[in-house]
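*Asks:* My structure is in start-v1.csv, and what it holds is CSV, C-alpha atoms:
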```csv
chain,number,residue,atom,x,y,z
A,23,MET,CA,-30.6,-89.5,-144.5
A,24,ASN,CA,-34.3,-88.5,-144.6
A,25,HIS,CA,-34.5,-85.0,-143.3
A,26,LEU,CA,-37.8,-84.3,-144.9
A,27,THR,CA,-40.9,-86.1,-143.7
A,28,ARG,CA,-42.6,-88.2,-146.4
A,29,GLU,CA,-45.4,-85.6,-146.7
A,30,GLN,CA,-43.0,-82.7,-147.0
A,31,PHE,CA,-41.0,-84.7,-149.6
A,32,LYS,CA,-44.2,-85.5,-151.7
A,33,ALA,CA,-45.3,-81.9,-151.8
A,34,LEU,CA,-41.9,-80.4,-152.4
A,35,SER,CA,-40.8,-82.8,-155.1
A,36,PHE,CA,-44.2,-82.4,-156.8
A,37,LEU,CA,-43.9,-78.6,-156.9
A,38,ALA,CA,-40.2,-78.8,-158.0
A,39,GLN,CA,-41.3,-80.7,-161.1
A,40,ALA,CA,-44.7,-79.0,-161.7
A,41,LYS,CA,-45.3,-77.9,-165.3
A,42,SER,CA,-48.2,-75.6,-164.6
A,43,GLU,CA,-49.5,-73.3,-162.0
A,44,ASN,CA,-50.8,-75.0,-158.8
A,45,THR,CA,-53.4,-74.6,-156.2
A,46,VAL,CA,-53.8,-76.2,-152.8
A,47,ALA,CA,-56.3,-78.5,-154.5
A,48,THR,CA,-53.8,-79.7,-157.2
A,49,VAL,CA,-51.2,-80.4,-154.6
A,50,ALA,CA,-53.7,-82.2,-152.4
A,51,ASP,CA,-54.8,-84.4,-155.3
A,52,ASN,CA,-51.2,-85.3,-156.0
A,53,ILE,CA,-50.0,-86.2,-152.5
A,54,GLY,CA,-53.3,-87.7,-151.3
A,55,MET,CA,-54.1,-85.4,-148.4
A,56,SER,CA,-57.1,-83.3,-147.5
A,57,LEU,CA,-57.2,-79.6,-148.5
A,58,ALA,CA,-56.9,-78.5,-144.9
A,59,ASP,CA,-53.9,-80.7,-144.2
A,60,THR,CA,-52.2,-79.7,-147.5
A,61,ASP,CA,-52.7,-76.0,-146.8
A,62,ALA,CA,-51.1,-76.5,-143.4
A,63,LEU,CA,-48.2,-78.5,-145.0
A,64,LEU,CA,-47.5,-75.8,-147.6
A,65,LYS,CA,-47.4,-73.1,-144.9
A,66,GLU,CA,-45.0,-75.3,-142.9
A,67,LEU,CA,-42.7,-75.7,-145.9
A,68,ALA,CA,-42.9,-71.9,-146.4
A,69,GLU,CA,-41.9,-71.3,-142.8
A,70,LEU,CA,-38.9,-73.6,-143.3
A,71,GLY,CA,-37.9,-71.4,-146.2
A,72,TYR,CA,-38.5,-74.1,-148.8
A,73,LEU,CA,-41.4,-72.4,-150.6
A,74,ALA,CA,-42.2,-68.8,-151.6
A,75,ASP,CA,-45.8,-67.8,-152.0
A,76,LEU,CA,-46.8,-71.4,-151.0
A,77,PHE,CA,-46.0,-72.9,-154.5
A,78,ALA,CA,-42.6,-71.7,-155.7
A,79,VAL,CA,-39.7,-73.9,-154.6
A,80,THR,CA,-36.8,-71.8,-153.2
A,81,GLU,CA,-33.1,-72.4,-153.5
A,82,ALA,CA,-33.3,-73.8,-150.0
A,83,GLY,CA,-36.1,-76.1,-151.1
A,84,TYR,CA,-34.0,-77.5,-154.0
A,85,GLU,CA,-31.1,-78.0,-151.5
A,86,ALA,CA,-33.5,-80.0,-149.2
A,87,LEU,CA,-34.4,-82.2,-152.2
A,88,GLU,CA,-30.9,-82.8,-153.3
A,89,PRO,CA,-30.2,-85.9,-151.2
A,90,TYR,CA,-33.2,-87.5,-152.9
A,91,ARG,CA,-32.2,-86.7,-156.4
A,92,ALA,CA,-31.4,-89.6,-158.8
A,93,ARG,CA,-27.9,-89.0,-160.2
A,94,ARG,CA,-27.2,-91.9,-162.6
A,95,VAL,CA,-28.6,-94.9,-164.4
A,96,ILE,CA,-26.6,-98.1,-164.7
A,97,PHE,CA,-27.5,-100.6,-167.4
A,98,LEU,CA,-26.4,-104.2,-167.0
A,99,ALA,CA,-26.0,-105.2,-170.7
A,100,ALA,CA,-23.4,-107.9,-171.0
A,101,GLY,CA,-25.7,-110.9,-171.6
A,102,LEU,CA,-25.9,-113.1,-174.8
A,103,GLY,CA,-29.6,-112.6,-175.4
A,104,SER,CA,-29.8,-116.1,-176.7
A,105,ARG,CA,-33.6,-116.4,-176.5
A,106,LEU,CA,-33.9,-113.5,-179.0
A,107,ARG,CA,-31.8,-115.2,-181.7
A,108,PRO,CA,-31.5,-114.8,-184.6
A,109,ALA,CA,-32.0,-111.1,-183.9
A,110,THR,CA,-29.0,-111.2,-181.5
A,111,LEU,CA,-26.6,-113.1,-183.7
A,112,ASN,CA,-24.8,-110.0,-184.8
A,113,VAL,CA,-25.9,-107.4,-182.3
A,114,PRO,CA,-26.4,-107.4,-178.5
A,115,LYS,CA,-30.0,-107.6,-177.3
A,116,PRO,CA,-30.1,-104.0,-175.9
A,117,LEU,CA,-29.2,-102.7,-179.4
A,118,VAL,CA,-31.8,-104.8,-181.3
A,119,ARG,CA,-34.0,-102.2,-183.0
A,120,VAL,CA,-37.7,-102.0,-182.3
A,121,HIS,CA,-39.6,-99.7,-184.6
A,122,GLY,CA,-36.2,-98.4,-185.9
A,123,LYS,CA,-34.5,-97.6,-182.5
A,124,PRO,CA,-32.4,-99.7,-180.2
A,125,ILE,CA,-34.3,-101.0,-177.2
A,126,ILE,CA,-31.9,-99.4,-174.7
A,127,CYS,CA,-32.6,-95.9,-176.2
A,128,SER,CA,-36.1,-95.8,-174.7
A,129,ALA,CA,-34.7,-96.1,-171.2
A,130,ILE,CA,-31.8,-93.7,-171.8
A,131,GLU,CA,-34.1,-91.0,-173.1
A,132,ALA,CA,-36.6,-91.6,-170.3
A,133,ALA,CA,-33.8,-91.1,-167.8
A,134,LEU,CA,-32.5,-88.0,-169.5
A,135,ALA,CA,-36.0,-86.6,-169.5
A,136,LYS,CA,-36.0,-86.8,-165.7
A,137,GLY,CA,-32.6,-84.9,-165.5
A,138,ILE,CA,-30.6,-88.1,-164.9
A,139,GLU,CA,-27.4,-87.2,-166.8
A,140,GLU,CA,-24.9,-89.9,-165.8
A,141,ILE,CA,-25.3,-93.1,-167.8
A,142,TYR,CA,-23.2,-96.2,-167.4
A,143,ILE,CA,-23.4,-99.4,-169.5
A,144,VAL,CA,-21.7,-102.6,-168.5
A,145,ARG,CA,-21.2,-104.5,-171.7
A,146,GLY,CA,-19.9,-108.0,-172.6
A,147,TYR,CA,-21.3,-109.9,-175.6
A,148,LEU,CA,-20.4,-108.0,-178.9
A,149,GLY,CA,-19.4,-105.1,-176.6
A,150,GLY,CA,-17.9,-103.0,-179.4
A,151,ALA,CA,-21.3,-102.5,-180.8
A,152,PHE,CA,-22.2,-100.2,-177.9
A,153,ASP,CA,-19.7,-97.6,-179.2
A,154,GLN,CA,-22.3,-96.3,-181.6
A,155,LEU,CA,-24.4,-95.0,-178.6
A,156,LYS,CA,-21.7,-92.5,-177.6
A,157,GLN,CA,-22.3,-90.7,-180.8
A,158,MET,CA,-26.0,-90.3,-179.8
A,159,TYR,CA,-25.4,-89.8,-176.1
A,160,PRO,CA,-21.9,-88.4,-175.4
A,161,GLN,CA,-22.4,-88.7,-171.6
A,162,ILE,CA,-22.4,-92.5,-171.7
A,163,HIS,CA,-19.6,-94.4,-169.9
A,164,LEU,CA,-18.9,-97.9,-171.2
A,165,ILE,CA,-17.6,-100.5,-168.8
A,166,ASP,CA,-16.4,-103.9,-169.9
A,167,ASN,CA,-17.3,-107.2,-168.2
A,168,THR,CA,-14.8,-109.8,-169.4
A,169,VAL,CA,-16.2,-112.7,-167.5
A,170,TYR,CA,-19.8,-112.5,-168.5
A,171,THR,CA,-19.8,-115.9,-170.1
A,172,GLN,CA,-18.6,-117.5,-166.8
A,173,THR,CA,-21.1,-116.0,-164.4
A,174,ASN,CA,-24.6,-114.7,-164.0
A,175,ASN,CA,-25.2,-110.9,-164.2
A,176,VAL,CA,-23.8,-110.4,-160.7
A,177,SER,CA,-20.4,-110.1,-162.4
A,178,SER,CA,-21.7,-107.0,-164.3
A,179,ALA,CA,-23.0,-105.5,-161.0
A,180,MET,CA,-19.6,-106.1,-159.5
A,181,GLN,CA,-18.0,-103.9,-162.1
A,182,VAL,CA,-20.1,-100.9,-161.0
A,183,ARG,CA,-20.9,-101.7,-157.4
A,184,HIS,CA,-19.3,-98.5,-156.1
A,185,LEU,CA,-21.7,-96.4,-158.3
A,186,PHE,CA,-25.0,-97.6,-156.8
A,187,GLN,CA,-25.6,-94.6,-154.5
A,188,HIS,CA,-28.4,-92.3,-155.9
A,189,ALA,CA,-28.6,-94.7,-158.9
A,190,TYR,CA,-31.1,-96.6,-161.0
A,191,VAL,CA,-29.8,-100.0,-161.8
A,192,MET,CA,-31.6,-102.0,-164.5
A,193,GLU,CA,-31.5,-104.6,-167.2
A,194,ALA,CA,-30.8,-103.0,-170.6
A,195,ASP,CA,-33.5,-104.8,-172.6
A,196,LEU,CA,-36.6,-103.2,-171.3
A,197,LEU,CA,-38.7,-101.1,-173.6
A,198,ILE,CA,-39.8,-98.1,-171.6
A,199,ASN,CA,-43.2,-96.8,-172.8
A,200,ASN,CA,-43.8,-94.4,-169.9
A,201,PRO,CA,-40.9,-92.1,-168.8
A,202,ASP,CA,-42.5,-91.7,-165.4
A,203,VAL,CA,-41.2,-95.1,-164.6
A,204,PHE,CA,-38.1,-93.0,-163.6
A,205,ARG,CA,-38.4,-90.4,-160.9
A,206,LYS,CA,-36.2,-87.4,-160.5
A,207,TYR,CA,-36.6,-87.6,-156.7
A,208,ASN,CA,-37.0,-90.8,-154.6
A,209,TYR,CA,-37.7,-90.9,-150.9
A,210,THR,CA,-36.5,-94.4,-150.4
A,211,SER,CA,-34.8,-97.2,-152.4
A,212,ASN,CA,-37.3,-99.0,-154.5
A,213,CYS,CA,-38.0,-101.6,-157.1
A,214,VAL,CA,-40.5,-101.3,-160.0
A,215,GLY,CA,-43.3,-103.8,-160.2
A,216,VAL,CA,-46.9,-104.4,-161.3
A,217,PRO,CA,-49.4,-105.7,-158.7
A,218,VAL,CA,-50.7,-109.1,-159.7
A,219,LYS,CA,-52.9,-111.8,-158.1
A,220,LYS,CA,-50.8,-114.6,-159.5
A,221,THR,CA,-47.8,-115.0,-161.7
A,222,THR,CA,-45.3,-117.7,-162.8
A,223,ASP,CA,-42.7,-115.0,-163.5
A,224,TRP,CA,-40.2,-113.4,-161.1
A,225,CYS,CA,-42.0,-111.4,-158.5
A,226,VAL,CA,-41.6,-109.5,-155.2
A,227,ILE,CA,-43.3,-110.6,-152.0
A,228,SER,CA,-43.8,-107.5,-149.8
A,229,GLU,CA,-45.3,-106.5,-146.5
A,230,ASN,CA,-46.9,-103.0,-146.2
A,231,GLY,CA,-45.3,-102.0,-149.5
A,232,VAL,CA,-41.8,-103.0,-148.5
A,233,ALA,CA,-40.0,-105.8,-150.5
A,234,LYS,CA,-39.2,-108.9,-148.4
A,235,ARG,CA,-38.0,-111.4,-151.0
A,236,LEU,CA,-37.7,-112.2,-154.7
A,237,VAL,CA,-39.3,-115.5,-155.9
A,238,GLN,CA,-40.2,-117.1,-159.2
A,239,GLY,CA,-43.9,-117.5,-159.1
A,240,GLY,CA,-46.3,-116.2,-156.4
A,241,GLU,CA,-49.7,-114.9,-155.5
A,242,ASN,CA,-50.7,-111.4,-154.3
A,243,CYS,CA,-47.3,-110.1,-155.3
A,244,HIS,CA,-45.7,-107.7,-157.7
A,245,HIS,CA,-44.4,-108.8,-161.1
A,246,LEU,CA,-40.8,-107.6,-161.1
A,247,TYR,CA,-39.3,-105.4,-163.7
A,248,SER,CA,-35.5,-105.4,-163.1
A,249,ILE,CA,-35.4,-101.7,-162.4
A,250,TYR,CA,-34.1,-100.6,-158.9
A,251,TYR,CA,-33.4,-97.3,-157.4
A,252,TRP,CA,-30.8,-97.2,-154.6
A,253,ASN,CA,-30.6,-94.2,-152.2
A,254,GLU,CA,-27.3,-93.0,-150.6
A,255,GLU,CA,-27.6,-95.2,-147.5
A,256,ASP,CA,-28.5,-98.5,-149.2
A,257,GLY,CA,-26.2,-97.9,-152.2
A,258,ALA,CA,-23.3,-97.6,-149.8
A,259,LYS,CA,-24.1,-101.1,-148.3
A,260,LEU,CA,-24.4,-102.9,-151.6
A,261,PRO,CA,-20.7,-103.3,-152.5
A,262,ALA,CA,-19.9,-105.3,-149.5
A,263,ASP,CA,-22.9,-107.5,-149.8
A,264,LEU,CA,-22.3,-108.1,-153.5
A,265,GLU,CA,-18.7,-108.9,-152.8
A,266,ASP,CA,-19.7,-111.4,-150.1
A,267,MET,CA,-22.2,-113.2,-152.5
A,268,TYR,CA,-19.7,-113.1,-155.4
A,269,SER,CA,-17.0,-114.7,-153.3
A,270,THR,CA,-18.6,-118.2,-153.5
A,271,PRO,CA,-19.0,-120.4,-156.6
A,272,GLU,CA,-22.7,-120.6,-156.2
A,273,GLY,CA,-22.9,-116.8,-155.6
A,274,LYS,CA,-21.3,-116.1,-159.0
A,275,GLN,CA,-24.2,-117.9,-160.7
A,276,ASN,CA,-26.8,-115.7,-159.0
A,277,PHE,CA,-28.7,-112.8,-160.4
A,278,TRP,CA,-27.2,-109.7,-158.8
A,279,ASP,CA,-30.4,-108.6,-157.0
A,280,ILE,CA,-30.6,-111.9,-155.1
A,281,ALA,CA,-28.1,-110.2,-152.7
A,282,PRO,CA,-30.2,-107.2,-151.5
A,283,MET,CA,-33.6,-108.8,-152.1
A,284,ASN,CA,-33.0,-112.2,-150.5
A,285,ILE,CA,-29.7,-113.0,-148.8
A,286,TYR,CA,-29.2,-109.6,-147.1
A,287,ASN,CA,-32.7,-108.2,-147.3
A,288,SER,CA,-32.6,-107.1,-143.7
A,289,HIS,CA,-29.9,-104.6,-144.5
A,290,TYR,CA,-32.2,-102.6,-146.8
A,291,HIS,CA,-35.5,-100.8,-146.9
A,292,ILE,CA,-36.8,-101.3,-150.5
A,293,GLU,CA,-40.3,-100.1,-151.3
A,294,ILE,CA,-42.4,-101.0,-154.3
A,295,SER,CA,-42.7,-98.4,-157.1
A,296,GLU,CA,-45.9,-99.5,-158.8
A,297,CYS,CA,-46.4,-99.3,-162.6
A,298,THR,CA,-48.6,-101.0,-165.2
A,299,PHE,CA,-47.8,-103.6,-167.9
A,300,GLU,CA,-48.4,-100.8,-170.4
A,301,ASP,CA,-45.6,-98.8,-169.0
A,302,ILE,CA,-42.8,-101.3,-169.8
A,303,THR,CA,-42.5,-104.0,-172.4
A,304,GLU,CA,-40.3,-107.0,-171.8
A,305,ILE,CA,-39.1,-108.7,-174.9
A,306,ASP,CA,-37.8,-112.1,-173.9
A,307,THR,CA,-38.1,-114.2,-177.1
A,308,TYR,CA,-38.0,-113.7,-180.8
A,309,HIS,CA,-41.7,-114.5,-181.1
A,310,GLU,CA,-42.5,-111.7,-178.7
A,311,LEU,CA,-40.3,-109.4,-180.7
A,312,SER,CA,-42.1,-110.3,-183.9
A,313,LEU,CA,-45.4,-109.5,-182.3
A,314,ILE,CA,-44.2,-106.0,-181.3
A,315,ASP,CA,-42.4,-105.1,-184.5
A,316,PRO,CA,-43.7,-106.5,-187.9
A,317,ASP,CA,-40.2,-106.2,-189.3
A,318,TYR,CA,-39.4,-109.4,-187.5
A,319,ALA,CA,-42.4,-111.3,-188.6
A,320,ILE,CA,-42.1,-115.0,-189.3
A,321,THR,CA,-43.8,-116.2,-192.5
A,322,PRO,CA,-43.9,-119.6,-194.2
A,323,GLN,CA,-40.9,-118.4,-196.2
A,324,GLY,CA,-38.9,-117.6,-193.1
A,325,ILE,CA,-38.1,-114.4,-191.2
A,326,VAL,CA,-39.0,-111.2,-193.0
A,327,ARG,CA,-36.1,-109.1,-191.7
```
Show me, as structure tokens, the structure contained in the file I just sent.

*Replies:*
Amino acid sequence: MNHLTREQFKALSFLAQAKSENTVATVADNIGMSLADTDALLKELAELGYLADLFAVTEAGYEALEPYRARRVIFLAAGLGSRLRPATLNVPKPLVRVHGKPIICSAIEAALAKGIEEIYIVRGYLGGAFDQLKQMYPQIHLIDNTVYTQTNNVSSAMQVRHLFQHAYVMEADLLINNPDVFRKYNYTSNCVGVPVKKTTDWCVISENGVAKRLVQGGENCHHLYSIYYWNEEDGAKLPADLEDMYSTPEGKQNFWDIAPMNIYNSHYHIEISECTFEDITEIDTYHELSLIDPDYAITPQGIVR
């Protein structure tokens, strides 16, 4: 699928999203190349018809980027959110309000800011509550998972497995603080993670920036946020691999990403998209929620909210 070299892609995608005038130096700083090599690269892209005047992306340039464009974001949002009780007694975890806004809205708005217009939410627990989001975001598609209490989240992935091409697939309970976690254009499939020396959480073991397996606890790895991007080629492989894993009793109890990350990892090329712990906030417990939003503070008299 990759018709652009990685260097061509970096330069062209940067210029396609540039918010100010550019010079050879600004492009060089962004793509990590020398001034001389960047100047030669820009001239090469101009000769291909992808740039005009070295910095203006042409219609042909946008067409060349089209295979790399993220088209949709899929939220797996069917879970009970039991660790966040009592906040989730009457509302699903993605709709718990943090500073007045449902958690999931931070990710929806970050995706929309990158021009990702198709939004799918797989719902289960208190699923009707998600209807309110359609008033805020009319482009949302709601999909029901009726067996969410009998399986792990692989059953949610199964509901949308044929939509994984050009798609971000993620948990719906991540508070996105930095919209740049999402990219309008992606050269390869990738997963979002923070480099760490040691962790007891779920993490990705990689080689030369390519994910090799998902483990719970590791050293010199990447703390995993459950945000994945799947390109056209890898997204087309996922349905069969998910179906194969889901066909067994033990497979139904797996997290969905065990299929591409562990069982069938050799089928995919998944790179690491690095971020920081400041970019994304995971809220796993009510205590963590209370530390982030004082409306949920716990006092000797009980919960404030």

*Asks:* Which residue, A:Glu43, A:Val214, A:Tyr268, A:Met283, has the smallest gap to Gln181 of chain A when you use all atoms listed in the file?

*Replies:*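 Closest residue, counting all atoms listed in the file: A:Tyr268.
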
*Asks:* Using all atoms listed in the file for the distances, tell me which of A:Gly54, A:Val144, A:Ala68, A:Gly122 is nearest to Ala82 of chain A.

*Replies:*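 So, comparing all the options, the nearest one is A:Ala68.
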
*Asks:* Just checking: using all atoms listed in the file, which residue out of A:Ser269, A:Thr45, A:Arg93, A:Gly239 ends up closest to Leu57 of chain A?

*Replies:* A:Thr45

*Asks:* Identify which of the residues A:Asp195, A:Asp75, A:Glu66, A:Glu272 lies closest to Ser128 of chain A, counting all atoms listed in the file when measuring atom-to-atom distances.

*Replies:*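 Of A:Asp195, A:Asp75, A:Glu66, A:Glu272, the one nearest Ser128 of chain A is A:Asp195, counting all atoms listed in the file.
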
*Asks:* Find the residue from A:Pro114, A:Ala86, A:Arg183, A:Thr221 that sits nearest to Asp153 of chain A; use only C-alpha atoms when measuring.

*Replies:*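 Once distances to Asp153 of chain A are computed over only C-alpha atoms, the minimum belongs to A:Pro114.
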
*Asks:* Of the residues A:Glu265, A:Ile249, A:Tyr147, A:Gln161, which is the one nearest to Leu111 of chain A, using all atoms listed in the file?

*Replies:*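 The closest residue to Leu111 of chain A is A:Tyr147.
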
*Asks:* How far is it from atom CA of Ala58 of chain A to atom CA of Arg205 of chain A, in Å with one decimal?

*Replies:* 27.2 Å

*Asks:* Excluding Ala133 of chain A and its own-chain neighbours fewer than 6 positions away, which residues fall within 8 Å of it when counting only C-alpha atoms? Please give them as a PyMOL selection string.

*Replies:* chain A and resi 95+139+201+204

*Asks:* Restricting it to C-alpha atoms, dump the selection as a PDB file, in the frame of the given file.

*Replies:*
```pdb
ATOM      1  CA  VAL A  95     -28.600 -94.900-164.400  1.00  0.00           C
ATOM      2  CA  GLU A 139     -27.400 -87.200-166.800  1.00  0.00           C
ATOM      3  CA  PRO A 201     -40.900 -92.100-168.800  1.00  0.00           C
ATOM      4  CA  PHE A 204     -38.100 -93.000-163.600  1.00  0.00           C
TER       5      PHE A 204
END
```

*Asks:* Could you tell me how far atom CA of Val118 of chain A sits from atom CA of Tyr247 of chain A, in Å to one decimal place?

*Replies:*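 These atoms are spaced 19.1 Å apart.
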
*Asks:* Just want the 12 Å neighbourhood of Lys136 of chain A, counted on all atoms listed in the file, with same-chain residues fewer than 6 positions away dropped. Output as JSON, numbers by chain.

*Replies:* {"A": [38, 39, 91, 92, 93, 94, 95, 129, 130, 190, 200, 201, 202, 203, 204, 205, 206, 207, 208]}

*Asks:* May I ask for the distance between atom CA of Ala50 of chain A and atom CA of Val218 of chain A, given in Å to one decimal place?

*Replies:*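 Distance between the two atoms: 28.0 Å.
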
*Asks:* Excluding Val232 of chain A and residues on its chain fewer than 3 positions from it, collect all residues at most 10 Å away from it, counting only C-alpha atoms, and give them as an MDAnalysis selection string.

*Replies:* chainID A and resid 211:213 226:229 235 290:295

*Asks:* As a ChimeraX atom specification, please: the residues near segment 222-224 of chain A (cut-off 8 Å, all atoms listed in the file, same-chain neighbours under 6 positions excluded).

*Replies:* /A:236-240,245-246

*Asks:* Could you list, as a list in words, every residue within 10 Å of Asp279 of chain A, counting all atoms listed in the file and ignoring same-chain residues fewer than 3 positions away?

*Replies:*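 Once the nearby chain positions are removed, what remains is Asn175, Val176, Ala179, Val191, Leu236, Ser248, Tyr250, Leu260, Leu264, Asn276, Pro282, Met283, Asn284, Ile285 and Asn287 of chain A.
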
*Asks:* Can you put N, CA and C atoms back into segment 300-318 of chain A and show it as a CSV table (one decimal), in the coordinates of the input?

*Replies:*
```csv
chain,number,residue,atom,x,y,z
A,300,GLU,N,-48.5,-101.7,-169.2
A,300,GLU,CA,-48.4,-100.8,-170.4
A,300,GLU,C,-47.2,-99.9,-170.3
A,301,ASP,N,-46.7,-99.7,-169.1
A,301,ASP,CA,-45.6,-98.8,-169.0
A,301,ASP,C,-44.2,-99.3,-169.5
A,302,ILE,N,-44.1,-100.6,-169.4
A,302,ILE,CA,-42.8,-101.3,-169.8
A,302,ILE,C,-43.1,-102.5,-170.6
A,303,THR,N,-42.3,-102.8,-171.6
A,303,THR,CA,-42.5,-104.0,-172.4
A,303,THR,C,-41.2,-104.8,-172.3
A,304,GLU,N,-41.4,-106.1,-171.8
A,304,GLU,CA,-40.3,-107.0,-171.8
A,304,GLU,C,-40.4,-107.9,-173.1
A,305,ILE,N,-39.2,-107.9,-173.7
A,305,ILE,CA,-39.1,-108.7,-174.9
A,305,ILE,C,-38.1,-109.9,-174.6
A,306,ASP,N,-38.6,-111.0,-174.3
A,306,ASP,CA,-37.8,-112.1,-173.9
A,306,ASP,C,-37.4,-113.1,-175.1
A,307,THR,N,-38.3,-113.2,-176.0
A,307,THR,CA,-38.1,-114.2,-177.1
A,307,THR,C,-38.3,-113.5,-178.5
A,308,TYR,N,-37.8,-114.2,-179.5
A,308,TYR,CA,-38.0,-113.7,-180.8
A,308,TYR,C,-39.4,-113.6,-181.2
A,309,HIS,N,-40.2,-114.6,-180.8
A,309,HIS,CA,-41.7,-114.5,-181.1
A,309,HIS,C,-42.3,-113.3,-180.5
A,310,GLU,N,-42.0,-112.9,-179.3
A,310,GLU,CA,-42.5,-111.7,-178.7
A,310,GLU,C,-42.0,-110.5,-179.5
A,311,LEU,N,-40.8,-110.5,-179.9
A,311,LEU,CA,-40.3,-109.4,-180.7
A,311,LEU,C,-41.1,-109.2,-182.0
A,312,SER,N,-41.4,-110.4,-182.6
A,312,SER,CA,-42.1,-110.3,-183.9
A,312,SER,C,-43.5,-109.8,-183.7
A,313,LEU,N,-44.1,-110.0,-182.6
A,313,LEU,CA,-45.4,-109.5,-182.3
A,313,LEU,C,-45.5,-108.0,-182.1
A,314,ILE,N,-44.3,-107.5,-181.6
A,314,ILE,CA,-44.2,-106.0,-181.3
A,314,ILE,C,-43.9,-105.3,-182.6
A,315,ASP,N,-42.9,-105.8,-183.4
A,315,ASP,CA,-42.4,-105.1,-184.5
A,315,ASP,C,-42.6,-106.0,-185.8
A,316,PRO,N,-43.4,-105.7,-186.7
A,316,PRO,CA,-43.7,-106.5,-187.9
A,316,PRO,C,-42.5,-106.8,-188.7
A,317,ASP,N,-41.4,-105.9,-188.6
A,317,ASP,CA,-40.2,-106.2,-189.3
A,317,ASP,C,-39.6,-107.5,-189.0
A,318,TYR,N,-39.9,-108.1,-187.9
A,318,TYR,CA,-39.4,-109.4,-187.5
A,318,TYR,C,-40.4,-110.5,-187.7
```
